[in-house]
$ cat start11.cif   # mmCIF, C-alpha atoms and all ligand atoms
data_my_file
loop_
_atom_site.label_atom_id
_atom_site.label_comp_id
_atom_site.auth_asym_id
_atom_site.auth_seq_id
_atom_site.Cartn_x
_atom_site.Cartn_y
_atom_site.Cartn_z
CA MET A 1 -50.31 2.82 -10.45
CA ILE A 2 -46.76 4.01 -11.07
CA ASN A 3 -45.99 7.27 -9.41
CA VAL A 4 -44.76 9.52 -12.24
CA LYS A 5 -42.71 11.70 -9.88
CA SER A 6 -40.76 8.82 -8.41
CA LEU A 7 -40.29 7.26 -11.84
CA THR A 8 -38.78 10.53 -13.07
CA ALA A 9 -36.57 10.69 -9.98
CA VAL A 10 -35.29 7.18 -10.62
CA LEU A 11 -34.58 7.92 -14.29
CA VAL A 12 -32.75 11.15 -13.47
CA SER A 13 -30.63 9.40 -10.81
CA ALA A 14 -29.80 6.62 -13.23
CA LEU A 15 -28.73 9.22 -15.81
CA ILE A 16 -26.52 11.03 -13.29
CA LEU A 17 -24.92 7.78 -12.20
CA GLY A 18 -24.31 6.86 -15.82
CA VAL A 19 -22.63 10.18 -16.57
CA LEU A 20 -20.51 9.92 -13.40
CA TYR A 21 -19.41 6.45 -14.35
CA LEU A 22 -18.54 7.57 -17.87
CA CYS A 23 -16.48 10.51 -16.58
CA ASN A 24 -14.71 8.16 -14.28
CA SER A 25 -13.82 5.71 -17.03
CA LEU A 26 -12.68 8.46 -19.39
CA SER A 27 -10.34 10.00 -16.87
CA TYR A 28 -8.31 6.78 -16.82
CA SER A 29 -7.85 6.37 -20.51
CA ARG A 30 -5.09 8.96 -20.71
CA THR A 31 -1.54 7.85 -20.40
CA SER A 32 0.68 10.89 -20.24
CA PRO A 33 1.54 11.59 -16.63
CA GLN A 34 1.46 15.33 -17.03
CA GLN A 35 -2.08 15.26 -18.36
CA ASN A 36 -3.38 13.29 -15.51
CA ILE A 37 -3.18 15.86 -12.78
CA THR A 38 -6.33 15.82 -10.72
CA PRO A 39 -6.69 18.12 -7.75
CA ASN A 40 -8.15 16.12 -4.94
CA ASN A 41 -10.65 18.76 -4.00
CA ILE A 42 -12.71 17.99 -7.10
CA THR A 43 -12.63 14.28 -6.49
CA PRO A 44 -16.13 12.91 -6.04
CA LYS A 45 -16.38 11.52 -2.55
CA ASN A 46 -18.50 8.78 -1.11
CA ARG A 47 -19.22 7.09 -4.40
CA LEU A 48 -19.04 3.86 -2.60
CA SER A 49 -21.06 1.15 -1.02
CA ALA A 50 -23.47 0.37 -3.84
CA ASP A 51 -20.54 0.15 -6.22
CA VAL A 52 -18.46 -2.23 -4.20
CA ASN A 53 -17.84 -5.26 -6.29
CA ALA A 54 -17.58 -8.33 -4.12
CA MET A 55 -14.69 -10.20 -5.68
CA SER A 56 -13.85 -13.84 -5.45
CA ASN A 57 -10.11 -13.37 -5.87
CA GLU A 58 -9.15 -14.73 -2.52
CA VAL A 59 -11.46 -17.74 -2.51
CA HIS A 60 -9.23 -20.14 -4.37
CA LEU A 61 -6.55 -19.93 -6.99
CA VAL A 62 -6.97 -21.28 -10.50
CA ALA A 63 -3.84 -22.66 -12.13
CA PRO A 64 -3.32 -23.15 -15.85
CA ASP A 65 -3.24 -26.82 -16.79
CA HIS A 66 0.11 -28.37 -17.82
CA LEU A 67 2.21 -25.69 -16.16
CA GLN A 68 5.57 -27.30 -15.39
CA TYR A 69 7.11 -26.57 -12.04
CA GLU A 70 9.02 -28.23 -9.24
CA GLN A 71 7.11 -30.70 -7.09
CA PRO A 72 6.16 -29.16 -3.73
CA SER A 73 6.73 -30.99 -0.46
CA ILE A 74 5.07 -30.85 2.93
CA VAL A 75 7.94 -32.48 4.76
CA GLN A 76 10.96 -30.78 3.29
CA GLY A 77 10.80 -27.03 3.27
CA SER A 78 13.35 -24.94 1.44
CA ARG A 79 13.43 -22.61 4.42
CA THR A 80 13.88 -24.00 7.90
CA ASP A 81 15.62 -20.97 9.33
CA VAL A 82 12.53 -18.76 9.40
CA VAL A 83 8.86 -18.99 10.30
CA THR A 84 6.64 -19.08 7.22
CA VAL A 85 3.18 -19.07 8.76
CA THR A 86 1.58 -16.94 11.48
CA PRO A 87 -0.40 -18.43 14.39
CA TRP A 88 -3.56 -17.35 12.54
CA MET A 89 -2.39 -19.31 9.50
CA ALA A 90 -1.36 -16.52 7.20
CA PRO A 91 1.72 -17.12 5.05
CA ILE A 92 4.86 -15.16 5.86
CA VAL A 93 6.62 -14.57 2.57
CA TRP A 94 10.34 -15.34 2.40
CA GLU A 95 12.56 -16.00 -0.58
CA GLY A 96 12.52 -19.71 -1.38
CA ILE A 97 9.04 -20.61 -0.11
CA PHE A 98 7.05 -19.63 -3.19
CA ASN A 99 7.22 -20.46 -6.85
CA PRO A 100 7.17 -17.29 -8.93
CA VAL A 101 6.43 -19.16 -12.17
CA LEU A 102 3.40 -20.85 -10.64
CA LEU A 103 2.14 -17.67 -9.00
CA ASP A 104 2.53 -15.58 -12.14
CA GLY A 105 0.84 -18.39 -14.08
CA ILE A 106 -2.11 -18.10 -11.73
CA TYR A 107 -2.35 -14.32 -11.44
CA LYS A 108 -1.49 -13.15 -14.96
CA PRO A 109 -4.59 -14.60 -16.64
CA LYS A 110 -6.75 -12.80 -14.07
CA ASN A 111 -5.97 -9.55 -15.84
CA ILE A 112 -5.69 -7.64 -12.58
CA THR A 113 -4.33 -4.15 -12.14
CA ILE A 114 -1.98 -3.35 -9.30
CA ILE A 115 -2.25 0.18 -7.97
CA ALA A 116 0.67 1.65 -6.11
CA THR A 117 0.46 4.92 -4.23
CA VAL A 118 3.49 6.98 -3.38
CA PHE A 119 3.73 10.40 -1.75
CA ALA A 120 6.42 12.79 -2.91
CA VAL A 121 5.72 16.03 -1.07
CA GLY A 122 8.29 18.83 -0.85
CA ASN A 123 11.89 17.71 -1.09
CA TYR A 124 10.89 14.07 -1.15
CA ILE A 125 10.28 14.52 -4.88
CA ARG A 126 14.01 13.86 -5.30
CA PHE A 127 13.48 10.19 -4.45
CA LEU A 128 10.82 9.65 -7.08
CA LYS A 129 13.03 9.02 -10.10
CA LYS A 130 14.90 6.07 -8.61
CA PHE A 131 11.70 4.73 -7.07
CA LEU A 132 9.96 4.74 -10.46
CA GLU A 133 12.92 3.45 -12.44
CA THR A 134 13.50 0.53 -10.11
CA ALA A 135 9.76 -0.22 -9.87
CA GLU A 136 9.89 -0.63 -13.64
CA GLN A 137 12.54 -3.33 -13.20
CA HIS A 138 11.17 -5.22 -10.21
CA PHE A 139 7.60 -4.34 -9.18
CA PHE A 140 4.98 -6.58 -10.77
CA VAL A 141 6.86 -6.87 -14.03
CA GLY A 142 4.50 -8.07 -16.75
CA PHE A 143 1.38 -6.90 -14.92
CA LYS A 144 -0.83 -3.88 -15.39
CA VAL A 145 0.46 -1.37 -12.88
CA HIS A 146 -0.89 2.09 -12.14
CA ILE A 147 1.34 4.23 -9.99
CA TYR A 148 -0.32 7.21 -8.35
CA VAL A 149 2.10 9.92 -7.31
CA PHE A 150 0.75 12.44 -4.82
CA THR A 151 2.83 15.58 -4.95
CA ASP A 152 2.81 19.34 -4.55
CA ARG A 153 5.45 19.63 -7.31
CA PRO A 154 3.86 18.12 -10.42
CA ASN A 155 6.36 19.88 -12.69
CA GLU A 156 9.22 18.05 -11.05
CA VAL A 157 7.80 14.60 -11.63
CA PRO A 158 10.49 12.83 -13.69
CA GLN A 159 9.74 11.34 -17.08
CA VAL A 160 10.35 7.65 -16.69
CA THR A 161 9.77 5.32 -19.59
CA MET A 162 7.25 2.71 -18.61
CA ALA A 163 6.46 -0.61 -20.23
CA SER A 164 3.13 -1.04 -21.92
CA GLY A 165 0.34 -1.64 -19.44
CA ARG A 166 2.07 0.51 -16.87
CA GLN A 167 1.01 4.09 -16.19
CA LEU A 168 1.88 6.98 -13.98
CA MET A 169 -0.86 9.22 -12.58
CA VAL A 170 0.02 12.47 -10.87
CA ARG A 171 -2.25 14.00 -8.24
CA LEU A 172 -1.83 17.39 -6.67
CA VAL A 173 -1.71 17.69 -2.94
CA PRO A 174 -1.19 20.92 -1.01
CA SER A 175 2.31 21.64 0.27
CA SER A 176 2.71 21.32 3.95
CA LYS A 177 5.32 22.41 6.40
CA ARG A 178 4.33 19.84 8.95
CA TRP A 179 4.96 16.15 8.43
CA GLN A 180 2.06 15.43 10.74
CA GLU A 181 -0.26 17.04 8.23
CA ILE A 182 1.17 15.11 5.28
CA SER A 183 1.03 11.94 7.29
CA ALA A 184 -2.52 12.57 8.42
CA ARG A 185 -3.70 13.18 4.90
CA ARG A 186 -2.00 10.13 3.48
CA MET A 187 -4.70 7.76 4.73
CA GLU A 188 -7.42 10.19 3.68
CA LEU A 189 -6.07 10.45 0.13
CA ILE A 190 -5.67 6.69 -0.11
CA GLN A 191 -9.25 6.29 1.09
CA ILE A 192 -10.53 8.73 -1.51
CA LEU A 193 -8.50 7.14 -4.29
CA ILE A 194 -9.89 3.71 -3.49
CA GLU A 195 -13.43 5.06 -3.42
CA GLU A 196 -12.93 6.19 -7.00
CA GLN A 197 -11.29 2.97 -8.11
CA LEU A 198 -13.69 0.44 -6.67
CA PRO A 199 -16.24 0.57 -9.49
CA ASN A 200 -13.43 0.01 -11.96
CA ASN A 201 -12.64 -3.27 -10.37
CA ARG A 202 -8.91 -2.88 -10.11
CA ASN A 203 -8.16 -5.37 -7.50
CA TYR A 204 -5.04 -4.66 -5.52
CA ILE A 205 -3.23 -1.69 -4.05
CA PHE A 206 0.11 -1.17 -2.33
CA CYS A 207 0.98 2.03 -0.47
CA LEU A 208 4.70 2.66 -0.45
CA ASP A 209 7.26 5.14 0.89
CA VAL A 210 9.02 7.11 -1.84
CA ASP A 211 12.41 7.20 -0.13
CA SER A 212 13.07 3.65 -1.20
CA GLU A 213 14.23 1.62 -4.18
CA PHE A 214 13.50 -1.81 -5.55
CA HIS A 215 16.40 -4.25 -5.79
CA GLY A 216 14.63 -7.55 -6.37
CA ARG A 217 11.34 -9.06 -7.41
CA TRP A 218 8.21 -7.77 -5.69
CA GLY A 219 5.42 -9.60 -7.45
CA SER A 220 2.34 -11.80 -7.30
CA GLU A 221 3.60 -13.70 -4.25
CA SER A 222 2.76 -10.57 -2.24
CA LEU A 223 -0.91 -10.47 -3.23
CA GLY A 224 -3.48 -11.04 -0.54
CA GLY A 225 -6.58 -9.64 1.11
CA LEU A 226 -4.78 -7.59 3.72
CA VAL A 227 -1.00 -7.44 3.42
CA ALA A 228 1.46 -6.09 5.98
CA VAL A 229 5.25 -5.92 6.02
CA THR A 230 7.25 -6.67 9.15
CA HIS A 231 9.51 -3.78 10.06
CA PRO A 232 13.22 -4.50 9.42
CA GLY A 233 14.21 -2.82 12.66
CA TYR A 234 12.14 -4.94 15.03
CA TYR A 235 11.49 -8.37 13.58
CA ARG A 236 13.89 -10.13 15.91
CA ASP A 237 12.73 -8.26 19.01
CA ALA A 238 10.43 -9.06 21.90
CA ARG A 239 7.02 -7.41 21.62
CA SER A 240 7.76 -5.38 24.74
CA ASN A 241 10.36 -3.49 22.69
CA PHE A 242 8.04 -2.68 19.78
CA PRO A 243 7.49 1.08 19.50
CA TYR A 244 3.71 0.76 19.65
CA GLU A 245 1.63 3.58 21.06
CA ARG A 246 1.53 2.84 24.77
CA ARG A 247 -0.82 5.49 26.11
CA PRO A 248 -4.31 4.08 26.59
CA SER A 249 -5.76 7.49 25.75
CA SER A 250 -4.75 7.03 22.10
CA ARG A 251 -6.84 4.99 19.69
CA ALA A 252 -3.59 3.40 18.50
CA TYR A 253 -2.97 1.93 21.95
CA ILE A 254 -1.58 -1.58 22.21
CA ALA A 255 -1.38 -2.99 25.72
CA PRO A 256 1.76 -4.50 27.20
CA GLY A 257 1.95 -8.20 26.42
CA GLU A 258 -0.07 -7.73 23.23
CA GLY A 259 0.81 -7.31 19.56
CA ASP A 260 2.04 -9.84 17.00
CA PHE A 261 4.70 -8.12 14.94
CA TYR A 262 5.78 -4.57 14.40
CA TYR A 263 4.61 -3.67 10.91
CA CYS A 264 5.98 -0.80 8.90
CA GLY A 265 4.01 2.18 7.72
CA GLY A 266 6.23 2.39 4.64
CA ALA A 267 4.57 -0.51 2.83
CA PHE A 268 1.18 -2.15 3.15
CA GLY A 269 -1.56 -3.23 0.80
CA GLY A 270 -4.12 -5.77 -0.27
CA LEU A 271 -7.49 -5.87 -1.96
CA LEU A 272 -9.03 -2.47 -2.55
CA GLN A 273 -11.92 -3.08 -0.15
CA GLU A 274 -9.58 -4.21 2.59
CA VAL A 275 -7.19 -1.30 2.25
CA HIS A 276 -10.15 1.05 2.06
CA GLN A 277 -11.35 -0.19 5.42
CA LEU A 278 -7.85 0.18 6.83
CA ALA A 279 -7.33 3.72 5.50
CA LYS A 280 -10.76 4.83 6.66
CA THR A 281 -10.28 3.41 10.14
CA CYS A 282 -6.74 4.76 10.59
CA ARG A 283 -7.78 8.17 9.33
CA HIS A 284 -10.77 8.26 11.66
CA ASN A 285 -8.73 7.23 14.68
CA PHE A 286 -5.91 9.61 13.79
CA GLU A 287 -8.36 12.51 13.52
CA ALA A 288 -10.26 11.58 16.66
CA ASP A 289 -6.96 11.44 18.55
CA ALA A 290 -5.93 14.81 17.11
CA LYS A 291 -9.17 16.38 18.39
CA GLU A 292 -8.05 15.31 21.84
CA ASP A 293 -4.54 16.59 21.20
CA ILE A 294 -3.01 13.16 21.03
CA GLU A 295 -0.52 12.17 18.38
CA ALA A 296 0.46 8.53 18.36
CA ALA A 297 4.14 7.66 18.81
CA TRP A 298 4.74 6.93 15.12
CA GLN A 299 1.66 8.63 13.66
CA GLU A 300 -0.13 6.52 11.10
CA GLU A 301 2.30 3.65 11.54
CA SER A 302 1.01 3.32 15.11
CA HIS A 303 -2.58 3.31 13.88
CA LEU A 304 -1.70 0.76 11.22
CA ASN A 305 -0.21 -1.49 13.88
CA ARG A 306 -3.33 -1.18 16.01
CA TYR A 307 -5.48 -2.00 12.98
CA MET A 308 -3.44 -5.08 12.11
CA TRP A 309 -3.54 -6.31 15.70
CA ILE A 310 -7.32 -6.59 15.49
CA ASN A 311 -7.62 -7.24 11.77
CA LYS A 312 -5.03 -9.94 11.21
CA PRO A 313 -3.27 -9.60 7.85
CA SER A 314 -3.98 -12.47 5.48
CA LYS A 315 -0.41 -12.30 4.21
CA VAL A 316 2.67 -11.08 6.04
CA LEU A 317 5.70 -10.01 4.04
CA SER A 318 9.15 -10.58 5.51
CA PRO A 319 11.59 -7.67 5.89
CA GLU A 320 12.87 -8.57 2.40
CA TYR A 321 10.00 -6.32 1.34
CA LEU A 322 11.22 -3.26 3.21
CA TRP A 323 14.79 -3.28 4.28
CA GLN A 324 16.93 -0.27 5.13
CA ASP A 325 20.09 0.45 3.17
CA PHE A 326 22.09 1.32 6.29
CA LYS A 327 21.30 -2.01 7.94
CA PRO A 328 23.72 -4.89 7.37
CA ARG A 329 21.88 -7.89 5.97
CA ASN A 330 21.06 -10.60 8.47
CA PRO A 331 21.64 -14.21 7.32
CA GLU A 332 17.91 -14.93 6.91
CA ILE A 333 17.65 -12.11 4.38
CA HIS A 334 18.48 -13.92 1.12
CA ILE A 335 17.28 -11.06 -1.02
CA VAL A 336 16.46 -7.42 -0.46
CA ARG A 337 13.49 -6.56 -2.66
CA PHE A 338 12.76 -3.03 -1.54
CA SER A 339 14.83 -0.86 0.73
CA GLY A 340 14.78 2.59 2.26
CA VAL A 341 17.66 4.79 1.13
CA VAL A 342 19.86 6.58 3.63
CA LYS A 343 18.65 10.14 3.80
CA ASN A 344 19.91 13.38 5.18
CA TYR A 345 17.00 14.46 7.35
CA ALA A 346 18.15 18.05 7.73
CA GLU A 347 18.26 18.42 3.97
CA ILE A 348 14.90 16.93 3.01
CA ARG A 349 12.46 17.48 5.81
CA PRO A 350 10.63 20.76 6.21
CA ASN A 351 11.33 22.66 9.42
CA PRO A 352 8.84 21.81 12.11
C1 LIG B 401 8.60 13.10 6.64
C2 LIG B 401 9.08 13.37 7.91
C3 LIG B 401 9.18 14.69 8.38
C4 LIG B 401 8.79 15.69 7.54
C5 LIG B 401 8.32 15.41 6.26
C6 LIG B 401 8.21 14.11 5.79
C7 LIG B 401 7.72 13.82 4.45
C8 LIG B 401 7.27 12.54 4.10
C9 LIG B 401 7.72 14.82 3.42
O1 LIG B 401 8.11 16.00 3.61
N1 LIG B 401 7.27 14.49 2.17
C10 LIG B 401 6.83 13.24 1.87
O2 LIG B 401 6.45 12.99 0.71
N2 LIG B 401 6.78 12.27 2.83
C11 LIG B 401 6.25 10.94 2.47
O3 LIG B 401 6.01 10.17 3.63
C12 LIG B 401 7.23 10.14 1.62
O4 LIG B 401 6.51 9.27 0.76
C13 LIG B 401 7.96 9.35 2.67
O5 LIG B 401 8.61 8.21 2.13
C14 LIG B 401 6.83 9.00 3.62
C15 LIG B 401 7.26 8.63 5.05
O6 LIG B 401 8.21 9.53 5.54
P1 LIG B 401 9.71 9.08 5.78
O7 LIG B 401 10.12 8.20 4.65
O8 LIG B 401 10.58 10.26 6.03
O9 LIG B 401 9.61 8.21 7.11
P2 LIG B 401 10.67 7.10 7.55
O10 LIG B 401 10.09 6.52 8.81
O11 LIG B 401 10.77 6.07 6.45
O12 LIG B 401 12.00 7.78 7.76
MN MN B 402 10.59 6.11 4.42
#

$ encode --input "start11.cif" --output "structure tokens"
Amino acid sequence: MINVKSLTAVLVSALILGVLYLCNSLSYSRTSPQQNITPNNITPKNRLSADVNAMSNEVHLVAPDHLQYEQPSIVQGSRTDVVTVTPWMAPIVWEGIFNPVLLDGIYKPKNITIIATVFAVGNYIRFLKKFLETAEQHFFVGFKVHIYVFTDRPNEVPQVTMASGRQLMVRLVPSSKRWQEISARRMELIQILIEEQLPNNRNYIFCLDVDSEFHGRWGSESLGGLVAVTHPGYYRDARSNFPYERRPSSRAYIAPGEGDFYYCGGAFGGLLQEVHQLAKTCRHNFEADAKEDIEAAWQEESHLNRYMWINKPSKVLSPEYLWQDFKPRNPEIHIVRFSGVVKNYAEIRPNP
């Protein structure tokens, strides 16, 4: 006998799920940035595990037949001045080691969407225009790209013309006087965003600093399960000089003699599920530390480094992917793709 009560319960739940899904889909069909302001406090949370779509993106790549490109070699590399693979066999991406035509040929037919998140809170809104304009020129050109801007100043979001398939979404976040608060909430907001996006099957996400500009291609060569960028300030240094969190009482602790690279907090990404796990873990550890009055040396960057020490990135991006304008280019840097602008700290940062 079918229990009528439970049957009704199942039907009602199905209906609610259906309506939720529909609302979700509808909210993405708009294109004007100004219309797309969603306060985060009404964001449905925890709409997750059952909706996770196990994707086969990273299993193997499918190339179009008859694509013409230069013959690859396993004995003659175009780069011999840098290391292009980690000890755990993840590629390290440098200019010259990949074929952009081949990679775009593989990834374009997959019809993926690249999500980028960028925080522009308080005075940092001034960096947004250049960030968006240069992203238009260099970041996943020819792909579907959705840029989520988290800001407390939605009216100051610049109007930047975007190519078809590219959209800007603006999300309100509360203003904050303390960077620690903005920083702490960054992982939380990324986590929540991914929880909304998972059912929509948009595969990849990159989380980027706004005080930076694109100068060269950042494209499909950067795609991977879990993607980290080596920090431009430390990539030639001994691990003992990395500014990891060194107090064992913090959950971001990395012991002396440990650690692979120093990764930057200003750019990381990967598959939605992977970055969700990262954001959730970093947020949890950050908050648990805070309850014990501990703040890691470089806030969420420290937690990110701890995470990547245990969870090895499947692709490592060279410092081409986050340089700093004030730094003279080293000879191994053949191209700067993305770079932090020189900023006047006194002018832009809120008083502590
Ligand atoms: C950052 C430091 C101190 C006080 C405030 C901030 C801050 C950071 C801010 O007021 N508003 C803001 O949107 N941010 C976001 O956090 C920006 O996306 C910024 O790019 C990112 C990281 O902060 P940065 O860029 O100042 O950190 P560094 O290590 O690149 O200098
Ligand atoms: Mn920055």

$ residues_around --input "start11.cif" --residues "range 133-146 of chain A" --least-positions-apart "3" --cutoff "10 Å" --atoms "all atoms listed in the file" --output "number ranges by chain"
A: 28, 104, 107-109, 111-117, 128-130, 149, 158-169, 202, 204-205, 212-222, 337-338

$ residues_near_ligand --input "start11.cif" --ligand "ligand MN 402 (chain B)" --cutoff "7 Å" --atoms "all atoms listed in the file" --output "short mmCIF file (atom, residue, chain, number, x, y, z; two decimals) with C-alpha atoms, keeping the file's coordinate frame"
data_model
loop_
_atom_site.label_atom_id
_atom_site.label_comp_id
_atom_site.auth_asym_id
_atom_site.auth_seq_id
_atom_site.Cartn_x
_atom_site.Cartn_y
_atom_site.Cartn_z
CA ASP A 209 7.26 5.14 0.89
CA VAL A 210 9.02 7.11 -1.84
CA ASP A 211 12.41 7.20 -0.13
CA SER A 212 13.07 3.65 -1.20
CA GLY A 266 6.23 2.39 4.64
CA GLY A 340 14.78 2.59 2.26
#

$ residues_near_ligand --input "start11.cif" --ligand "ligand LIG 401 (chain B)" --cutoff "7 Å" --atoms "only C-alpha atoms and all ligand atoms" --output "number ranges by chain"
A: 118-125, 178-179, 182-183, 208-211, 266, 340, 348-350

$ atom_distance --input "start11.cif" --atom1 "CA of Arg246 in chain A" --atom2 "CA of Pro232 in chain A"
20.6 Å

$ closest_residue --input "start11.cif" --among "A:Asn203, A:Gln191, A:Gln273, A:Gln180" --to "Ala297 in chain A" --atoms "all atoms listed in the file"
A:Gln180

$ atom_distance --input "start11.cif" --atom1 "CA of Leu61 in chain A" --atom2 "CA of Met308 in chain A"
24.4 Å

$ closest_residue --input "start11.cif" --among "A:Leu172, A:Ser250, A:Val62, A:Val75" --to "Glu292 in chain A" --atoms "only C-alpha atoms"
A:Ser250

$ residues_near_point --input "start11.cif" --point "(-2.2, -15.4, 2.3)" --cutoff "10 Å" --atoms "only C-alpha atoms" --output "mmCIF file with C-alpha atoms, keeping the file's coordinate frame"
data_model
loop_
_atom_site.group_PDB
_atom_site.id
_atom_site.type_symbol
_atom_site.label_atom_id
_atom_site.label_comp_id
_atom_site.auth_asym_id
_atom_site.auth_seq_id
_atom_site.Cartn_x
_atom_site.Cartn_y
_atom_site.Cartn_z
ATOM 1 C CA GLU A 58 -9.150 -14.730 -2.520
ATOM 2 C CA VAL A 85 3.180 -19.070 8.760
ATOM 3 C CA MET A 89 -2.390 -19.310 9.500
ATOM 4 C CA ALA A 90 -1.360 -16.520 7.200
ATOM 5 C CA PRO A 91 1.720 -17.120 5.050
ATOM 6 C CA ILE A 92 4.860 -15.160 5.860
ATOM 7 C CA VAL A 93 6.620 -14.570 2.570
ATOM 8 C CA GLU A 221 3.600 -13.700 -4.250
ATOM 9 C CA SER A 222 2.760 -10.570 -2.240
ATOM 10 C CA LEU A 223 -0.910 -10.470 -3.230
ATOM 11 C CA GLY A 224 -3.480 -11.040 -0.540
ATOM 12 C CA GLY A 225 -6.580 -9.640 1.110
ATOM 13 C CA LEU A 226 -4.780 -7.590 3.720
ATOM 14 C CA VAL A 227 -1.000 -7.440 3.420
ATOM 15 C CA PRO A 313 -3.270 -9.600 7.850
ATOM 16 C CA SER A 314 -3.980 -12.470 5.480
ATOM 17 C CA LYS A 315 -0.410 -12.300 4.210
ATOM 18 C CA VAL A 316 2.670 -11.080 6.040
ATOM 19 C CA LEU A 317 5.700 -10.010 4.040
#

$ atom_distance --input "start11.cif" --atom1 "CA of Tyr262 in chain A" --atom2 "CA of Thr230 in chain A"
5.8 Å

$ residues_around --input "start11.cif" --residues "Asp293 in chain A" --least-positions-apart "3" --cutoff "12 Å" --atoms "only C-alpha atoms" --output "JSON, numbers by chain"
{"A": [249, 250, 251, 286, 287, 288, 289, 290, 296]}

$ write_last_selection --input "start11.cif" --atoms "C-alpha atoms" --output "PDB file, keeping the file's coordinate frame"
ATOM      1  CA  SER A 249      -5.760   7.490  25.750  1.00  0.00           C
ATOM      2  CA  SER A 250      -4.750   7.030  22.100  1.00  0.00           C
ATOM      3  CA  ARG A 251      -6.840   4.990  19.690  1.00  0.00           C
ATOM      4  CA  PHE A 286      -5.910   9.610  13.790  1.00  0.00           C
ATOM      5  CA  GLU A 287      -8.360  12.510  13.520  1.00  0.00           C
ATOM      6  CA  ALA A 288     -10.260  11.580  16.660  1.00  0.00           C
ATOM      7  CA  ASP A 289      -6.960  11.440  18.550  1.00  0.00           C
ATOM      8  CA  ALA A 290      -5.930  14.810  17.110  1.00  0.00           C
ATOM      9  CA  ALA A 296       0.460   8.530  18.360  1.00  0.00           C
TER      10      ALA A 296
END

$ closest_residue --input "start11.cif" --among "A:Asn344, A:Gln324, A:Ser339, A:Thr86" --to "Phe261 in chain A" --atoms "all atoms listed in the file"
A:Thr86

$ closest_residue --input "start11.cif" --among "A:Tyr345, A:Trp298, A:Tyr253, A:Phe127" --to "Gly265 in chain A" --atoms "only C-alpha atoms"
A:Trp298

$ closest_residue --input "start11.cif" --among "A:Glu258, A:Val341, A:Lys312, A:Gly105" --to "Phe131 in chain A" --atoms "all atoms listed in the file"
A:Val341

$ closest_residue --input "start11.cif" --among "A:Ile106, A:Ala279, A:Leu198, A:Ile147" --to "Ala184 in chain A" --atoms "all atoms listed in the file"
A:Ala279

$ axis_aligned_box --input "start11.cif" --around "range 240-254 of chain A" --padding-each-side "8 Å" --output "JSON"
{"center_x": 1.8, "center_y": 1.1, "center_z": 22.5, "size_x": 33.2, "size_y": 28.9, "size_z": 24.1}

$ residues_around --input "start11.cif" --residues "range 255-257 of chain A" --least-positions-apart "5" --cutoff "10 Å" --atoms "only C-alpha atoms" --output "compact mmCIF listing (two decimals) with C-alpha atoms, in the coordinates of the input"
# COMPACT_ATOMS: atom_id res chain seq x y z
CA ALA A 238 10.43 -9.06 21.90
CA ARG A 239 7.02 -7.41 21.62
CA SER A 240 7.76 -5.38 24.74
CA ASN A 241 10.36 -3.49 22.69
CA PHE A 242 8.04 -2.68 19.78
CA TYR A 244 3.71 0.76 19.65
CA GLU A 245 1.63 3.58 21.06
CA ARG A 246 1.53 2.84 24.77
CA ARG A 247 -0.82 5.49 26.11
CA PRO A 248 -4.31 4.08 26.59
